[in-house]
Amino acid sequence: MVKQKTIANEISLKGVGLHTGQEVTMTLKPAPVNNGFTFVRVDLEGQPIIEADANYVVNTQRGTNLEKRGVMIQTPEHVLAAIVGSDLDNIIIELNASELPIMDGSSKYFVEAIEKAGIVDQDADRKVYVVKEVISYLDEATGSEITVIPSEEYCVTTMVDFGTKVLGTQNATMKGIKDFKSEIADCRTFSFLHELEALLNNGLIKGGDLNNAIVYVDKEISTETMENLKKAFNKETISVKPNGILDNLTLHFPNEAARHKLLDVVGDLSLIGTRIQGKVIANKPGHYVNTQFAKKMAKIIKAEERNNVPQYDINKEPVLDIHGIMNLLPHRPPFLLVDKILELTDTHVVGLKNVTMNEDFFIGHFPGAPVMPGVLQIEAMAQTGGILILSSVSDPENYLTYFMKIDNVKFKNKVLPGDTLFFKCDLLSPIRRGICHMQAYAYANGKLVSEAELMAQIVKVK
């Protein structure tokens, strides 16, 4: 398991907010395990805390904006991208204004600050959600779509098409977090000239200048617009270069726009609140679709956590097949209710049963609407636990297992023909004098179907 990480020392940066033009001091501080990413507004009474959580997203116009109980955090995506790209799990971000500093419009200065502060391992394992199936979110109004598919690590591909001559179709890929610093971090935010005019007319980008945003000129600049731009950016002269970019800004990469979109995706998806292991494919991403996808992922992850359903590879070579099970258990069909043992240690065991319509108990138990009897689910759990206790002796063929106690039995969902049942039994205390005390769970279809606390004893056959 990988350990959680935070920074070793606190560090501060100063800048201005892109849209508010307000000066802001941001201080990054070490955070305890399982803290995640949290913002603290030190300029407000009580220093309220706002978690980096997709459920707090209230606006995605020209950036991602969070609000909790009336307290705002504006445009955090570049800082969050830097934190994720630096492989951190826990950090506190203190601010004396609502909007984070724009710096040069990228994550470069934030990554450098984190490196200067140092990174340390923490005494807790990192929590990662492993993507097991395709999950998508489509914004039908724009055609923007984000999909995540299973992968060995977290990687992101963005595909953008701006439909303009100066900036057409571009793609960008980050093969792993290790590539963020060198391939993505210094890619700056951008705007088209027609958007810039609208933003200026609406009193936005007060903190913008030609050093923190790439401006793609997608229309002819009128004399009036040129004068407005000079005034807004406090420049005596402004020109359009042959590559269609305003003034003298040099691109770091030919596809810098697509790479910045990828940076935004990394920052916005940090609002899921849990690291994901999967490949993200974003087609025409934007803050709205990014954060809607983050909300969907967060909901899926929380639902699975509530069910607490472990995942097992049924195609993996079992620890014990049916023959190995019969060498340990005295049970035989039709009362042998375990087909495979997938895991077996000194403290836990995982078994599997494929439920079919051919089960003998379906002949008389609701044959018109077959449901596996709950008591047989408990028996199957007990047989799985019997493998655990019998594996602790050298001559299991000379022992029988008997129930001593069954407590806290709960049936959550039906088990039907065609289901694959997984049984997980964990020791609640060490095995002593042949007595085994276990917590047992049964899962099917990604849900907890039943649970019980079992106590059994093995007795040597005389």
# chains A, B, ... in the order shown; residues from 1 in each chain; ligands from 1
$ residues_around --residues "Ser151 (chain A)" --least-positions-apart "4" --cutoff "12 Å" --atoms "only C-alpha atoms" --output "list of chain:residue names"
A:Tyr129, A:Val130, A:Val131, A:Lys132, A:Glu133, A:Val134, A:Cys155, A:Val156, A:Lys175, A:Gly176, A:Ile276, A:Gln277, A:Gly278, A:Lys279, A:Val280, A:Ile281
$ write_last_selection --atoms "C-alpha atoms" --output "CSV table (one decimal), in the first residue's frame"
chain,number,residue,atom,x,y,z
A,129,TYR,CA,-11.0,4.0,-5.9
A,130,VAL,CA,-10.2,1.4,-8.6
A,131,VAL,CA,-12.5,1.9,-11.6
A,132,LYS,CA,-14.0,-1.5,-12.5
A,133,GLU,CA,-16.4,-0.5,-15.3
A,134,VAL,CA,-17.0,2.3,-17.7
A,155,CYS,CA,-4.1,8.9,-16.6
A,156,VAL,CA,-6.0,11.5,-18.6
A,175,LYS,CA,0.2,8.9,-19.0
A,176,GLY,CA,0.5,9.2,-15.2
A,276,ILE,CA,-9.2,7.2,-8.7
A,277,GLN,CA,-7.3,4.6,-10.6
A,278,GLY,CA,-8.6,4.7,-14.1
A,279,LYS,CA,-8.2,6.3,-17.5
A,280,VAL,CA,-10.1,9.5,-18.0
A,281,ILE,CA,-11.1,10.4,-21.5
$ residues_around --residues "Ile91 (chain A)" --least-positions-apart "5" --cutoff "12 Å" --atoms "only C-alpha atoms" --output "MDAnalysis selection string"
chainID A and resid 4:11 27:40 51:52 79:80 82:84 86 114 117 119:120 122
$ closest_residue --among "A:Asn96, A:Thr356, A:Thr291, A:Asn398" --to "Val58 (chain A)" --atoms "only C-alpha atoms"
A:Thr291
$ select_by_dssp --residues "region 189-336 of chain A" --states "helix (DSSP H, G or I)" --output "number ranges by chain"
A: 193-201, 223-233, 256-272, 287-307, 322-328
$ write_last_selection --atoms "C-alpha atoms" --output "CSV table (one decimal), in the first residue's frame"
chain,number,residue,atom,x,y,z
A,193,LEU,CA,-10.6,37.5,-28.3
A,194,HIS,CA,-14.4,37.5,-28.6
A,195,GLU,CA,-14.6,36.0,-25.1
A,196,LEU,CA,-12.1,38.5,-23.8
A,197,GLU,CA,-14.2,41.4,-25.0
A,198,ALA,CA,-17.3,40.1,-23.3
A,199,LEU,CA,-15.4,39.5,-20.0
A,200,LEU,CA,-14.0,43.0,-20.0
A,201,ASN,CA,-17.4,44.5,-20.8
A,223,THR,CA,-9.3,50.2,-33.3
A,224,GLU,CA,-11.8,50.6,-30.4
A,225,THR,CA,-11.1,47.1,-29.2
A,226,MET,CA,-7.3,47.6,-29.4
A,227,GLU,CA,-7.6,50.7,-27.3
A,228,ASN,CA,-9.7,48.9,-24.7
A,229,LEU,CA,-7.2,46.1,-24.5
A,230,LYS,CA,-4.3,48.5,-24.0
A,231,LYS,CA,-6.1,50.1,-21.2
A,232,ALA,CA,-7.2,46.8,-19.6
A,233,PHE,CA,-3.7,45.3,-19.7
A,256,GLU,CA,-0.8,24.1,-24.9
A,257,ALA,CA,-4.5,24.8,-24.9
A,258,ALA,CA,-5.4,21.1,-24.8
A,259,ARG,CA,-2.8,20.6,-22.1
A,260,HIS,CA,-4.3,23.4,-20.0
A,261,LYS,CA,-7.8,21.8,-20.5
A,262,LEU,CA,-6.2,18.6,-19.1
A,263,LEU,CA,-4.8,20.6,-16.2
A,264,ASP,CA,-8.3,21.8,-15.5
A,265,VAL,CA,-9.7,18.2,-15.6
A,266,VAL,CA,-7.1,17.1,-13.0
A,267,GLY,CA,-8.0,20.0,-10.7
A,268,ASP,CA,-11.7,19.7,-11.1
A,269,LEU,CA,-11.7,15.9,-10.6
A,270,SER,CA,-9.9,16.3,-7.3
A,271,LEU,CA,-13.3,17.4,-6.1
A,272,ILE,CA,-14.4,13.8,-6.2
A,287,HIS,CA,-15.6,23.2,-15.8
A,288,TYR,CA,-19.3,22.3,-15.9
A,289,VAL,CA,-18.9,18.8,-17.4
A,290,ASN,CA,-15.8,18.2,-15.3
A,291,THR,CA,-17.6,19.0,-12.0
A,292,GLN,CA,-20.8,17.2,-13.0
A,293,PHE,CA,-18.7,14.1,-13.7
A,294,ALA,CA,-16.9,14.6,-10.3
A,295,LYS,CA,-20.3,14.7,-8.5
A,296,LYS,CA,-21.4,11.5,-10.3
A,297,MET,CA,-18.1,9.7,-9.4
A,298,ALA,CA,-18.3,10.9,-5.7
A,299,LYS,CA,-21.9,9.6,-5.5
A,300,ILE,CA,-20.9,6.2,-6.9
A,301,ILE,CA,-17.9,5.9,-4.6
A,302,LYS,CA,-20.0,6.8,-1.5
A,303,ALA,CA,-22.7,4.3,-2.5
A,304,GLU,CA,-20.1,1.5,-2.7
A,305,GLU,CA,-18.5,2.6,0.6
A,306,ARG,CA,-21.9,2.3,2.3
A,307,ASN,CA,-22.3,-1.2,1.0
A,322,ILE,CA,-14.2,-28.0,-4.7
A,323,HIS,CA,-11.9,-31.0,-4.2
A,324,GLY,CA,-9.8,-29.1,-1.8
A,325,ILE,CA,-12.9,-28.0,0.1
A,326,MET,CA,-14.2,-31.5,0.4
A,327,ASN,CA,-10.8,-32.6,1.8
A,328,LEU,CA,-11.4,-30.1,4.7
$ residues_around --residues "Asp104 (chain A)" --least-positions-apart "2" --cutoff "9 Å" --atoms "only C-alpha atoms" --output "list in words"
Ile102, Ser106, Ser107, Lys108, Tyr109, Asp186, Arg188, Thr189, Asn211, Asn212 and Ala213 of chain A
$ atom_distance --atom1 "CA of Lys405 (chain A)" --atom2 "CA of Met455 (chain A)"
5.0 Å
$ residues_around --residues "Asn445 (chain A)" --least-positions-apart "3" --cutoff "9 Å" --atoms "only C-alpha atoms" --output "PyMOL selection string"
chain A and resi 419-421+448-449
$ select_by_dssp --residues "region 128-160 of chain A" --states "strand (DSSP E or B)" --output "list in words"
Val128, Tyr129, Val130, Ile135, Ser136, Tyr137, Leu138, Asp139, Ser144, Glu145, Ile146, Thr147, Val148, Ile149, Cys155, Val156, Thr157, Thr158, Met159 and Val160 of chain A
$ write_last_selection --atoms "N, CA and C atoms" --output "compact mmCIF listing (two decimals), in the first residue's frame"
# COMPACT_ATOMS: atom_id res chain seq x y z
N VAL A 128 -7.68 4.61 -2.55
CA VAL A 128 -7.82 4.77 -4.00
C VAL A 128 -9.06 4.01 -4.47
N TYR A 129 -9.88 4.66 -5.28
CA TYR A 129 -11.02 3.99 -5.87
C TYR A 129 -10.59 3.42 -7.22
N VAL A 130 -10.63 2.10 -7.33
CA VAL A 130 -10.24 1.43 -8.57
C VAL A 130 -11.46 1.32 -9.48
N ILE A 135 -17.65 4.43 -16.76
CA ILE A 135 -18.56 5.42 -16.16
C ILE A 135 -18.46 6.69 -17.00
N SER A 136 -19.61 7.24 -17.40
CA SER A 136 -19.61 8.40 -18.28
C SER A 136 -20.58 9.47 -17.81
N TYR A 137 -20.30 10.69 -18.23
CA TYR A 137 -21.25 11.79 -18.06
C TYR A 137 -21.26 12.58 -19.36
N LEU A 138 -22.45 12.82 -19.91
CA LEU A 138 -22.61 13.54 -21.17
C LEU A 138 -23.44 14.79 -20.93
N ASP A 139 -22.92 15.93 -21.38
CA ASP A 139 -23.68 17.17 -21.37
C ASP A 139 -24.31 17.30 -22.75
N SER A 144 -20.23 17.82 -24.74
CA SER A 144 -19.06 17.50 -23.91
C SER A 144 -19.31 16.20 -23.15
N GLU A 145 -18.28 15.37 -23.07
CA GLU A 145 -18.45 14.07 -22.41
C GLU A 145 -17.16 13.67 -21.72
N ILE A 146 -17.30 13.12 -20.54
CA ILE A 146 -16.15 12.56 -19.82
C ILE A 146 -16.46 11.11 -19.49
N THR A 147 -15.50 10.25 -19.76
CA THR A 147 -15.62 8.82 -19.51
C THR A 147 -14.39 8.35 -18.76
N VAL A 148 -14.57 7.43 -17.84
CA VAL A 148 -13.43 6.79 -17.19
C VAL A 148 -13.55 5.30 -17.39
N ILE A 149 -12.42 4.66 -17.72
CA ILE A 149 -12.38 3.23 -17.97
C ILE A 149 -11.29 2.61 -17.10
N CYS A 155 -4.62 8.16 -15.45
CA CYS A 155 -4.13 8.86 -16.63
C CYS A 155 -5.30 9.60 -17.27
N VAL A 156 -4.97 10.64 -18.04
CA VAL A 156 -6.00 11.51 -18.59
C VAL A 156 -5.68 11.85 -20.04
N THR A 157 -6.71 11.81 -20.88
CA THR A 157 -6.62 12.27 -22.27
C THR A 157 -7.72 13.30 -22.50
N THR A 158 -7.34 14.44 -23.08
CA THR A 158 -8.33 15.45 -23.43
C THR A 158 -8.35 15.64 -24.94
N MET A 159 -9.54 15.81 -25.48
CA MET A 159 -9.73 16.05 -26.91
C MET A 159 -10.60 17.30 -27.04
N VAL A 160 -10.05 18.32 -27.67
CA VAL A 160 -10.78 19.58 -27.77
C VAL A 160 -10.90 20.01 -29.22
$ closest_residue --among "A:Asp407, A:Asp218, A:Asp426, A:Glu45" --to "Leu167 (chain A)" --atoms "only C-alpha atoms"
A:Asp218
$ closest_residue --among "A:Leu416, A:Leu95, A:Met381, A:Lys14" --to "Phe362 (chain A)" --atoms "only C-alpha atoms"
A:Leu416
$ atom_distance --atom1 "CA of Asp339 (chain A)" --atom2 "CA of Arg432 (chain A)"
27.5 Å
$ residues_around --residues "Thr164 (chain A)" --least-positions-apart "6" --cutoff "10 Å" --atoms "only C-alpha atoms" --output "tab-separated table (two decimals) with C-alpha atoms, in the first residue's frame"
chain	number	residue	atom	x	y	z
A	192	PHE	CA	-10.43	33.86	-27.44
A	216	TYR	CA	-6.13	33.61	-29.36
A	217	VAL	CA	-7.23	36.22	-31.88
A	218	ASP	CA	-10.20	34.70	-33.69
A	219	LYS	CA	-11.53	37.93	-35.22
$ closest_residue --among "A:Glu99, A:Lys3, A:Thr64, A:Ile431" --to "Asp121 (chain A)" --atoms "only C-alpha atoms"
A:Lys3
$ atom_distance --atom1 "CA of Ala172 (chain A)" --atom2 "CA of Gly63 (chain A)"
20.0 Å
